[in-house]
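Content type JSON, C-alpha atoms, from the file model11.json:
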```json
[["chain", "number", "residue", "atom", "x", "y", "z"],
["H", 1, "MET", "CA", -19.44, -37.02, -15.66],
["H", 2, "LYS", "CA", -20.64, -33.62, -14.47],
["H", 3, "LEU", "CA", -20.30, -30.52, -16.65],
["H", 4, "ARG", "CA", -18.35, -27.75, -14.98],
["H", 5, "THR", "CA", -20.16, -24.97, -13.12],
["H", 6, "SER", "CA", -18.82, -21.44, -12.84],
["H", 7, "ARG", "CA", -16.92, -20.68, -9.66],
["H", 8, "ILE", "CA", -17.54, -16.96, -10.12],
["H", 9, "LEU", "CA", -21.29, -17.40, -10.57],
["H", 10, "GLN", "CA", -21.44, -19.63, -7.52],
["H", 11, "LYS", "CA", -19.70, -16.97, -5.44],
["H", 12, "ILE", "CA", -22.23, -14.39, -6.64],
["H", 13, "ARG", "CA", -25.15, -16.72, -5.90],
["H", 14, "ASP", "CA", -23.74, -17.10, -2.37],
["H", 15, "ASN", "CA", -23.60, -13.28, -2.01],
["H", 16, "GLN", "CA", -19.81, -13.23, -2.01],
["H", 17, "ILE", "CA", -17.25, -11.19, -3.95],
["H", 18, "ALA", "CA", -15.33, -13.11, -6.60],
["H", 19, "THR", "CA", -11.77, -12.26, -7.63],
["H", 20, "THR", "CA", -9.81, -12.42, -10.87],
["H", 21, "LEU", "CA", -6.23, -11.80, -11.95],
["H", 22, "LYS", "CA", -5.47, -10.45, -15.42],
["H", 23, "ILE", "CA", -2.96, -12.56, -17.31],
["H", 24, "ASN", "CA", -0.84, -11.03, -20.07],
["H", 25, "LEU", "CA", 1.88, -13.67, -20.21],
["H", 26, "ALA", "CA", 1.41, -16.76, -22.35],
["H", 27, "ASP", "CA", 2.75, -19.40, -19.96],
["H", 28, "PRO", "CA", -0.10, -21.57, -18.56],
["H", 29, "ARG", "CA", 1.87, -21.97, -15.35],
["H", 30, "ALA", "CA", 0.99, -18.37, -14.49],
["H", 31, "ILE", "CA", -2.66, -19.42, -14.43],
["H", 32, "GLU", "CA", -1.92, -22.48, -12.29],
["H", 33, "LEU", "CA", -0.02, -20.27, -9.85],
["H", 34, "ALA", "CA", -2.92, -17.81, -9.66],
["H", 35, "GLY", "CA", -5.28, -20.67, -8.91],
["H", 36, "LEU", "CA", -3.03, -22.06, -6.20],
["H", 37, "CYS", "CA", -2.95, -18.59, -4.61],
["H", 38, "GLY", "CA", -6.74, -18.60, -4.35],
["H", 39, "VAL", "CA", -8.25, -16.38, -7.04],
["H", 40, "ASP", "CA", -11.61, -17.41, -8.44],
["H", 41, "GLY", "CA", -10.75, -16.72, -12.05],
["H", 42, "VAL", "CA", -8.27, -15.36, -14.54],
["H", 43, "TRP", "CA", -8.86, -12.72, -17.17],
["H", 44, "LEU", "CA", -7.20, -13.74, -20.42],
["H", 45, "CYS", "CA", -6.91, -11.34, -23.32],
["H", 46, "GLN", "CA", -6.98, -11.38, -27.09],
["H", 47, "GLU", "CA", -7.72, -7.67, -27.51],
["H", 48, "HIS", "CA", -4.37, -6.26, -26.39],
["H", 49, "VAL", "CA", -2.23, -9.40, -26.11],
["H", 50, "PRO", "CA", -0.93, -11.37, -29.14],
["H", 51, "ASN", "CA", -2.16, -14.77, -27.94],
["H", 52, "ASP", "CA", -3.12, -17.33, -30.58],
["H", 53, "TRP", "CA", -5.88, -19.89, -30.15],
["H", 54, "ALA", "CA", -3.54, -22.69, -29.06],
["H", 55, "THR", "CA", -2.18, -20.48, -26.29],
["H", 56, "ILE", "CA", -5.67, -19.55, -25.14],
["H", 57, "GLU", "CA", -6.75, -23.20, -25.13],
["H", 58, "ASN", "CA", -3.77, -24.19, -22.95],
["H", 59, "GLN", "CA", -4.39, -21.28, -20.59],
["H", 60, "VAL", "CA", -8.05, -22.25, -20.23],
["H", 61, "ARG", "CA", -7.00, -25.85, -19.62],
["H", 62, "ALA", "CA", -4.62, -24.68, -16.90],
["H", 63, "ALA", "CA", -7.48, -22.80, -15.23],
["H", 64, "ARG", "CA", -9.58, -25.95, -15.20],
["H", 65, "THR", "CA", -6.82, -27.89, -13.44],
["H", 66, "GLN", "CA", -7.22, -25.51, -10.48],
["H", 67, "ASN", "CA", -11.03, -25.27, -10.78],
["H", 68, "ILE", "CA", -10.97, -21.55, -11.46],
["H", 69, "ASP", "CA", -12.85, -19.68, -14.18],
["H", 70, "ALA", "CA", -11.17, -18.41, -17.33],
["H", 71, "LEU", "CA", -12.71, -15.26, -18.79],
["H", 72, "VAL", "CA", -11.43, -14.47, -22.27],
["H", 73, "ARG", "CA", -11.59, -10.92, -23.55],
["H", 74, "ILE", "CA", -12.06, -11.60, -27.22],
["H", 75, "SER", "CA", -10.82, -9.75, -30.26],
["H", 76, "LYS", "CA", -13.93, -8.38, -31.92],
["H", 77, "GLY", "CA", -14.76, -10.17, -35.12],
["H", 78, "GLY", "CA", -17.19, -12.76, -36.37],
["H", 79, "TYR", "CA", -19.22, -15.50, -34.77],
["H", 80, "SER", "CA", -16.32, -17.95, -34.40],
["H", 81, "ASP", "CA", -14.22, -15.43, -32.47],
["H", 82, "TYR", "CA", -16.95, -15.29, -29.83],
["H", 83, "VAL", "CA", -17.69, -19.01, -29.42],
["H", 84, "ARG", "CA", -14.21, -20.54, -29.70],
["H", 85, "PRO", "CA", -13.21, -19.58, -26.14],
["H", 86, "LEU", "CA", -16.44, -21.08, -24.83],
["H", 87, "GLU", "CA", -15.91, -24.29, -26.78],
["H", 88, "ALA", "CA", -12.35, -24.43, -25.43],
["H", 89, "GLY", "CA", -13.81, -24.54, -21.94],
["H", 90, "ALA", "CA", -13.69, -20.89, -20.91],
["H", 91, "ALA", "CA", -16.15, -19.90, -18.22],
["H", 92, "GLY", "CA", -17.03, -16.77, -20.12],
["H", 93, "ILE", "CA", -16.09, -14.05, -22.56],
["H", 94, "ILE", "CA", -15.61, -10.31, -22.24],
["H", 95, "VAL", "CA", -16.64, -8.33, -25.33],
["H", 96, "PRO", "CA", -14.89, -4.95, -25.58],
["H", 97, "HIS", "CA", -16.33, -1.67, -26.86],
["H", 98, "VAL", "CA", -20.02, -2.59, -27.04],
["H", 99, "GLU", "CA", -21.93, 0.53, -28.07],
["H", 100, "SER", "CA", -25.51, -0.40, -28.93],
["H", 101, "ALA", "CA", -28.42, -2.62, -27.98],
["H", 102, "GLU", "CA", -28.32, -4.08, -31.49],
["H", 103, "GLU", "CA", -24.74, -5.23, -30.94],
["H", 104, "ALA", "CA", -25.65, -6.68, -27.54],
["H", 105, "CYS", "CA", -28.50, -8.62, -29.18],
["H", 106, "GLN", "CA", -26.08, -9.99, -31.78],
["H", 107, "ILE", "CA", -23.65, -11.11, -29.08],
["H", 108, "VAL", "CA", -26.39, -12.95, -27.18],
["H", 109, "GLU", "CA", -27.67, -14.52, -30.39],
["H", 110, "TRP", "CA", -24.20, -15.84, -31.21],
["H", 111, "THR", "CA", -23.25, -17.07, -27.73],
["H", 112, "ARG", "CA", -26.47, -18.48, -26.23],
["H", 113, "PHE", "CA", -28.44, -21.51, -27.28],
["H", 114, "LEU", "CA", -32.22, -21.49, -27.68],
["H", 115, "PRO", "CA", -34.35, -20.09, -26.17],
["H", 116, "LEU", "CA", -31.93, -17.26, -25.32],
["H", 117, "GLY", "CA", -30.04, -17.15, -28.61],
["H", 118, "LYS", "CA", -29.29, -18.94, -31.85],
["H", 119, "ARG", "CA", -25.81, -20.32, -31.23],
["H", 120, "ALA", "CA", -24.85, -23.14, -33.58],
["H", 121, "LEU", "CA", -24.78, -26.55, -31.91],
["H", 122, "ASP", "CA", -21.63, -28.67, -31.82],
["H", 123, "GLY", "CA", -20.76, -30.15, -28.42],
["H", 124, "GLY", "CA", -17.66, -31.92, -29.73],
["H", 125, "ASN", "CA", -15.22, -29.92, -27.64],
["H", 126, "ILE", "CA", -14.35, -29.88, -23.95],
["H", 127, "ASP", "CA", -17.31, -27.63, -23.06],
["H", 128, "GLY", "CA", -19.62, -30.50, -24.09],
["H", 129, "HIS", "CA", -17.21, -33.23, -22.94],
["H", 130, "PHE", "CA", -16.63, -34.19, -26.58],
["H", 131, "CYS", "CA", -20.23, -35.29, -27.18],
["H", 132, "ILE", "CA", -20.24, -37.56, -24.14],
["H", 133, "GLU", "CA", -22.85, -35.52, -22.29],
["H", 134, "PRO", "CA", -26.55, -35.58, -23.20],
["H", 135, "VAL", "CA", -27.20, -32.65, -25.49],
["H", 136, "GLU", "CA", -29.96, -31.26, -23.25],
["H", 137, "ASP", "CA", -27.52, -31.07, -20.32],
["H", 138, "TYR", "CA", -24.91, -29.41, -22.52],
["H", 139, "LEU", "CA", -27.32, -26.72, -23.72],
["H", 140, "ARG", "CA", -28.62, -26.00, -20.23],
["H", 141, "ASN", "CA", -25.12, -25.83, -18.74],
["H", 142, "SER", "CA", -23.91, -23.52, -21.50],
["H", 143, "ASN", "CA", -26.79, -21.09, -21.02],
["H", 144, "GLU", "CA", -26.69, -21.13, -17.20],
["H", 145, "GLU", "CA", -22.99, -21.47, -16.33],
["H", 146, "ARG", "CA", -21.20, -19.41, -19.00],
["H", 147, "ILE", "CA", -20.71, -15.70, -18.34],
["H", 148, "ILE", "CA", -21.19, -13.07, -21.06],
["H", 149, "ILE", "CA", -19.71, -9.70, -20.11],
["H", 150, "LEU", "CA", -20.06, -6.50, -22.14],
["H", 151, "GLN", "CA", -17.60, -3.64, -21.77],
["H", 152, "ILE", "CA", -18.92, -0.07, -21.66],
["H", 153, "GLU", "CA", -16.03, 2.31, -22.23],
["H", 154, "SER", "CA", -17.03, 5.23, -24.48],
["H", 155, "PRO", "CA", -19.40, 8.23, -24.40],
["H", 156, "GLU", "CA", -21.32, 6.64, -27.29],
["H", 157, "ALA", "CA", -21.87, 3.46, -25.28],
["H", 158, "LEU", "CA", -22.86, 5.44, -22.20],
["H", 159, "GLU", "CA", -25.64, 7.16, -24.10],
["H", 160, "GLN", "CA", -27.07, 3.74, -24.98],
["H", 161, "VAL", "CA", -26.32, 1.95, -21.73],
["H", 162, "GLU", "CA", -29.92, 1.68, -20.50],
["H", 163, "ALA", "CA", -31.01, 0.11, -23.79],
["H", 164, "ILE", "CA", -28.00, -2.21, -23.78],
["H", 165, "ALA", "CA", -28.65, -3.28, -20.19],
["H", 166, "ALA", "CA", -32.24, -4.17, -21.06],
["H", 167, "VAL", "CA", -31.11, -6.81, -23.58],
["H", 168, "PRO", "CA", -31.73, -10.25, -22.02],
["H", 169, "GLY", "CA", -29.20, -13.06, -22.11],
["H", 170, "PHE", "CA", -25.93, -11.53, -20.90],
["H", 171, "ASN", "CA", -24.70, -11.37, -17.31],
["H", 172, "ALA", "CA", -22.60, -8.34, -16.56],
["H", 173, "PHE", "CA", -21.08, -5.00, -17.47],
["H", 174, "LEU", "CA", -17.43, -4.11, -17.18],
["H", 175, "PHE", "CA", -17.02, -0.32, -17.15],
["H", 176, "GLY", "CA", -13.68, 0.82, -18.58],
["H", 177, "PRO", "CA", -12.72, 3.98, -16.67],
["H", 178, "GLY", "CA", -9.34, 4.26, -18.39],
["H", 179, "ASP", "CA", -10.70, 4.19, -21.92],
["H", 180, "PHE", "CA", -13.67, 6.35, -20.96],
["H", 181, "SER", "CA", -11.43, 9.00, -19.41],
["H", 182, "HIS", "CA", -9.28, 8.92, -22.53],
["H", 183, "ARG", "CA", -12.27, 9.34, -24.83],
["H", 184, "ILE", "CA", -13.49, 12.45, -22.97],
["H", 185, "GLY", "CA", -10.05, 14.06, -22.96],
["H", 186, "LYS", "CA", -9.28, 13.40, -19.29],
["H", 187, "VAL", "CA", -6.96, 10.44, -19.65],
["H", 188, "GLY", "CA", -6.19, 8.66, -16.38],
["H", 189, "GLN", "CA", -8.39, 10.96, -14.28],
["H", 190, "LEU", "CA", -10.51, 8.18, -12.84],
["H", 191, "ALA", "CA", -11.76, 10.33, -9.95],
["H", 192, "ASP", "CA", -12.99, 13.08, -12.26],
["H", 193, "PRO", "CA", -16.71, 13.81, -11.64],
["H", 194, "GLU", "CA", -17.58, 13.04, -15.27],
["H", 195, "VAL", "CA", -15.92, 9.61, -15.05],
["H", 196, "ILE", "CA", -17.57, 8.86, -11.70],
["H", 197, "ALA", "CA", -20.97, 9.88, -13.06],
["H", 198, "ALA", "CA", -20.50, 7.60, -16.06],
["H", 199, "ARG", "CA", -19.51, 4.69, -13.82],
["H", 200, "GLN", "CA", -22.56, 5.24, -11.65],
["H", 201, "ARG", "CA", -24.87, 5.44, -14.65],
["H", 202, "VAL", "CA", -23.56, 2.11, -15.94],
["H", 203, "ALA", "CA", -24.04, 0.63, -12.47],
["H", 204, "ALA", "CA", -27.61, 1.90, -12.21],
["H", 205, "ALA", "CA", -28.50, 0.46, -15.61],
["H", 206, "ALA", "CA", -27.02, -2.91, -14.62],
["H", 207, "ARG", "CA", -28.89, -3.07, -11.31],
["H", 208, "ALA", "CA", -32.18, -2.11, -12.94],
["H", 209, "ASN", "CA", -31.87, -5.06, -15.31],
["H", 210, "GLY", "CA", -30.53, -7.75, -13.00],
["H", 211, "LYS", "CA", -26.95, -7.60, -14.23],
["H", 212, "PHE", "CA", -23.87, -7.51, -12.02],
["H", 213, "LEU", "CA", -20.67, -5.51, -12.47],
["H", 214, "ILE", "CA", -17.03, -6.44, -12.83],
["H", 215, "ALA", "CA", -14.35, -3.96, -11.75],
["H", 216, "SER", "CA", -11.03, -4.04, -13.58],
["H", 217, "GLY", "CA", -9.37, -2.88, -10.37],
["H", 218, "ARG", "CA", -9.95, -0.93, -7.17],
["H", 219, "TYR", "CA", -10.17, 2.40, -8.99],
["H", 220, "ALA", "CA", -12.77, 3.72, -6.49],
["H", 221, "PRO", "CA", -13.45, 3.20, -2.77],
["H", 222, "LEU", "CA", -14.42, -0.42, -2.17],
["H", 223, "ASP", "CA", -17.68, 0.49, -0.45],
["H", 224, "ASP", "CA", -18.70, 2.54, -3.49],
["H", 225, "LEU", "CA", -17.93, -0.31, -5.89],
["H", 226, "VAL", "CA", -19.78, -2.93, -3.85],
["H", 227, "SER", "CA", -22.82, -0.71, -3.24],
["H", 228, "GLU", "CA", -22.99, 0.02, -6.98],
["H", 229, "GLY", "CA", -23.25, -3.69, -7.77],
["H", 230, "VAL", "CA", -19.67, -4.85, -8.34],
["H", 231, "ARG", "CA", -19.48, -8.57, -7.60],
["H", 232, "VAL", "CA", -16.18, -9.43, -9.32],
["H", 233, "ILE", "CA", -13.00, -7.49, -8.58],
["H", 234, "ASN", "CA", -9.81, -7.88, -10.57],
["H", 235, "ILE", "CA", -6.90, -7.68, -8.12],
["H", 236, "GLY", "CA", -4.10, -6.92, -10.58],
["H", 237, "ALA", "CA", -2.08, -8.30, -13.45],
["H", 238, "ASP", "CA", 0.78, -10.76, -13.76],
["H", 239, "VAL", "CA", 3.05, -8.26, -15.52],
["H", 240, "VAL", "CA", 2.41, -5.61, -12.87],
["H", 241, "GLY", "CA", 3.17, -8.11, -10.12],
["H", 242, "ILE", "CA", 6.44, -9.21, -11.69],
["H", 243, "SER", "CA", 7.61, -5.68, -12.46],
["H", 244, "SER", "CA", 6.78, -4.51, -8.92],
["H", 245, "TYR", "CA", 8.66, -7.48, -7.46],
["H", 246, "VAL", "CA", 11.72, -6.85, -9.62],
["H", 247, "GLN", "CA", 11.76, -3.11, -8.91],
["H", 248, "ALA", "CA", 11.40, -3.69, -5.16],
["H", 249, "GLY", "CA", 14.19, -6.26, -5.21],
["H", 250, "LEU", "CA", 16.53, -3.92, -7.07],
["H", 251, "LYS", "CA", 15.75, -1.04, -4.73],
["H", 252, "THR", "CA", 16.43, -3.18, -1.68],
["H", 253, "LEU", "CA", 19.72, -4.43, -3.13],
["H", 254, "GLN", "CA", 20.88, -0.93, -4.04],
["H", 255, "GLY", "CA", 20.09, 0.26, -0.50],
["H", 256, "ASP", "CA", 21.98, -2.66, 1.06],
["H", 257, "LEU", "CA", 24.97, -2.06, -1.21],
["H", 258, "ALA", "CA", 25.05, 1.58, -0.18],
["H", 259, "GLU", "CA", 25.35, 0.50, 3.48],
["H", 260, "LEU", "CA", 28.41, -1.69, 2.89],
["H", 261, "PRO", "CA", 31.74, -0.58, 4.40],
["H", 262, "GLU", "CA", 33.50, 1.88, 2.13],
["H", 263, "ASN", "CA", 36.50, -0.39, 1.57],
["H", 264, "ILE", "CA", 34.36, -3.10, -0.10],
["H", 265, "ARG", "CA", 31.51, -0.98, -1.47],
["H", 266, "PRO", "CA", 31.21, -1.23, -5.26],
["H", 267, "SER", "CA", 30.49, 1.77, -7.39],
["H", 268, "LEU", "CA", 26.77, 2.55, -7.46]]
```
Produce structure tokens that represent the structure in this file.
Amino acid sequence: MKLRTSRILQKIRDNQIATTLKINLADPRAIELAGLCGVDGVWLCQEHVPNDWATIENQVRAARTQNIDALVRISKGGYSDYVRPLEAGAAGIIVPHVESAEEACQIVEWTRFLPLGKRALDGGNIDGHFCIEPVEDYLRNSNEERIIILQIESPEALEQVEAIAAVPGFNAFLFGPGDFSHRIGKVGQLADPEVIAARQRVAAAARANGKFLIASGRYAPLDDLVSEGVRVINIGADVVGISSYVQAGLKTLQGDLAELPENIRPSL
């Protein structure tokens, strides 16, 4: 039985752009639907969404049924909060609000096995095929095919970004333009020169240290994002898609009702 490889990492190795969809809803069928539509991964969340561990496990399992990656943005806490998604079969984790090289070193130490880190060995979950796989294969697969992503989203983190990027053992940065703009008093102004300069500084630090970038959306021209080193683009969110669909449907219906003959037209 072969341990799973990352679809996103394979796309990057093939010099392609990978795609994700952010999932806020708890129903695993939303993940299956995203996979059937062709995304390479889903972005699950424990930072802003009240998902418990059983929900996350079922969502990750749904991703595996479609052979897409599940990236879990964790709630910051202790060691177990970082490794549980990986042991549940997630392709990777996203760690929010990383602000120092020391914190980055701690994350790598917790989530990578030797020689990269000091993660405790179990293997009795789906990521190790419940101890069926040889332990050497499990360790190698975990270090090579699991994605560790650090979010840079504050002025404090930006000032340390070169030192953070130099820490070995993690794969990528995710710059948070929304939070960064909020923190500098320019909330939502993603095209502000200060926000753009911060994004570009994060990108330069990533490139200089062999890391790639994940974009939470197309918040800048696509050619800029790709040239800066973005290799994973999030195309949207389930809740945004549903709300847009509902609003469009209501608008269309209201317009059609307004065109009905006056003698049968209901009050609008």
Of the candidates H:Ile126, H:Ala191, H:Ala26, H:Val39, which one gets nearest to Trp53 of chain H if we count only C-alpha atoms? H:Ala26
Using all atoms listed in the file, list the residues that have an atom at most 12 Å from (-20.9, -11.1, -18.4), coordinates as in the file, as a compact mmCIF listing (two decimals) with C-alpha atoms, in the frame of the given file.
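Written out: point.txt:
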```txt
# COMPACT_ATOMS: atom_id res chain seq x y z
CA SER H 6 -18.82 -21.44 -12.84
CA ILE H 8 -17.54 -16.96 -10.12
CA LEU H 9 -21.29 -17.40 -10.57
CA LEU H 71 -12.71 -15.26 -18.79
CA VAL H 72 -11.43 -14.47 -22.27
CA ARG H 73 -11.59 -10.92 -23.55
CA ALA H 91 -16.15 -19.90 -18.22
CA GLY H 92 -17.03 -16.77 -20.12
CA ILE H 93 -16.09 -14.05 -22.56
CA ILE H 94 -15.61 -10.31 -22.24
CA VAL H 95 -16.64 -8.33 -25.33
CA PRO H 96 -14.89 -4.95 -25.58
CA ALA H 104 -25.65 -6.68 -27.54
CA ILE H 107 -23.65 -11.11 -29.08
CA VAL H 108 -26.39 -12.95 -27.18
CA THR H 111 -23.25 -17.07 -27.73
CA ASN H 143 -26.79 -21.09 -21.02
CA GLU H 144 -26.69 -21.13 -17.20
CA GLU H 145 -22.99 -21.47 -16.33
CA ARG H 146 -21.20 -19.41 -19.00
CA ILE H 147 -20.71 -15.70 -18.34
CA ILE H 148 -21.19 -13.07 -21.06
CA ILE H 149 -19.71 -9.70 -20.11
CA LEU H 150 -20.06 -6.50 -22.14
CA GLN H 151 -17.60 -3.64 -21.77
CA ILE H 152 -18.92 -0.07 -21.66
CA ALA H 165 -28.65 -3.28 -20.19
CA PRO H 168 -31.73 -10.25 -22.02
CA GLY H 169 -29.20 -13.06 -22.11
CA PHE H 170 -25.93 -11.53 -20.90
CA ASN H 171 -24.70 -11.37 -17.31
CA ALA H 172 -22.60 -8.34 -16.56
CA PHE H 173 -21.08 -5.00 -17.47
CA LEU H 174 -17.43 -4.11 -17.18
CA PHE H 175 -17.02 -0.32 -17.15
CA ALA H 206 -27.02 -2.91 -14.62
CA GLY H 210 -30.53 -7.75 -13.00
CA LYS H 211 -26.95 -7.60 -14.23
CA PHE H 212 -23.87 -7.51 -12.02
CA LEU H 213 -20.67 -5.51 -12.47
CA ILE H 214 -17.03 -6.44 -12.83
CA ALA H 215 -14.35 -3.96 -11.75
CA VAL H 230 -19.67 -4.85 -8.34
CA ARG H 231 -19.48 -8.57 -7.60
CA VAL H 232 -16.18 -9.43 -9.32
```
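Nearest to Gly123 of chain H of all the residues H:Glu87, H:Asp256, H:Asp14, H:Asp52 is H:Glu87, based on only C-alpha atoms.
Computed from the coordinates, the atom CA of Leu44 of chain H to atom CA of Val202 of chain H distance equals 23.2 Å.
For the pair atom CA of Glu32 of chain H and atom CA of Arg13 of chain H, the interatomic distance is 24.8 Å.
The nearest approach to Val83 of chain H among the residues H:Leu114, H:Leu121, H:Val98, H:Ile23, with only C-alpha atoms taken into account, belongs to H:Leu121.
The spacing separating atom CA of Glu57 of chain H from atom CA of Lys11 of chain H amounts to 24.4 Å.
Nearest-residue note for Ser216 of chain H: choosing from H:Arg199, H:Lys22, H:Lys118, H:Arg29, the minimum distance belongs to H:Lys22, counting only C-alpha atoms.
Each of H:Ser154, H:Ser80, H:Gln200, H:Gln106 was checked against Arg183 of chain H using all atoms listed in the file; the smallest atom-to-atom distance is that of H:Ser154.
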Nearest to Glu156 of chain H, restricted to all atoms listed in the file and choosing among H:Ser267, H:Asn234, H:Gln247, H:Ser100, comes out as H:Ser100
Please return the centre and edge lengths, in Å to one decimal, of a box with edges along x, y and z that contains all listed atoms of segment 240-258 of chain H, widened by 6 Å on every side, as lines of an AutoDock Vina configuration file.
```
center_x = 13.7
center_y = -3.8
center_z = -5.9
size_x = 34.6
size_y = 22.8
size_z = 25.9
```
Residues within 12 Å of (-8.4, 1.7, -6.2), file coordinates, counting all atoms listed in the file: what are they? Give the list as a ChimeraX atom specification. /H:177,190-191,215-225,233-236
Find the residues near Ala70 of chain H: any atom within 10 Å, counting all atoms listed in the file, skip ones fewer than 5 places away on the same chain, and give them as an NGL selection string. :H and (6-8 or 20-22 or 31 or 40-44 or 56 or 59-64 or 85-86 or 89-93 or 147)
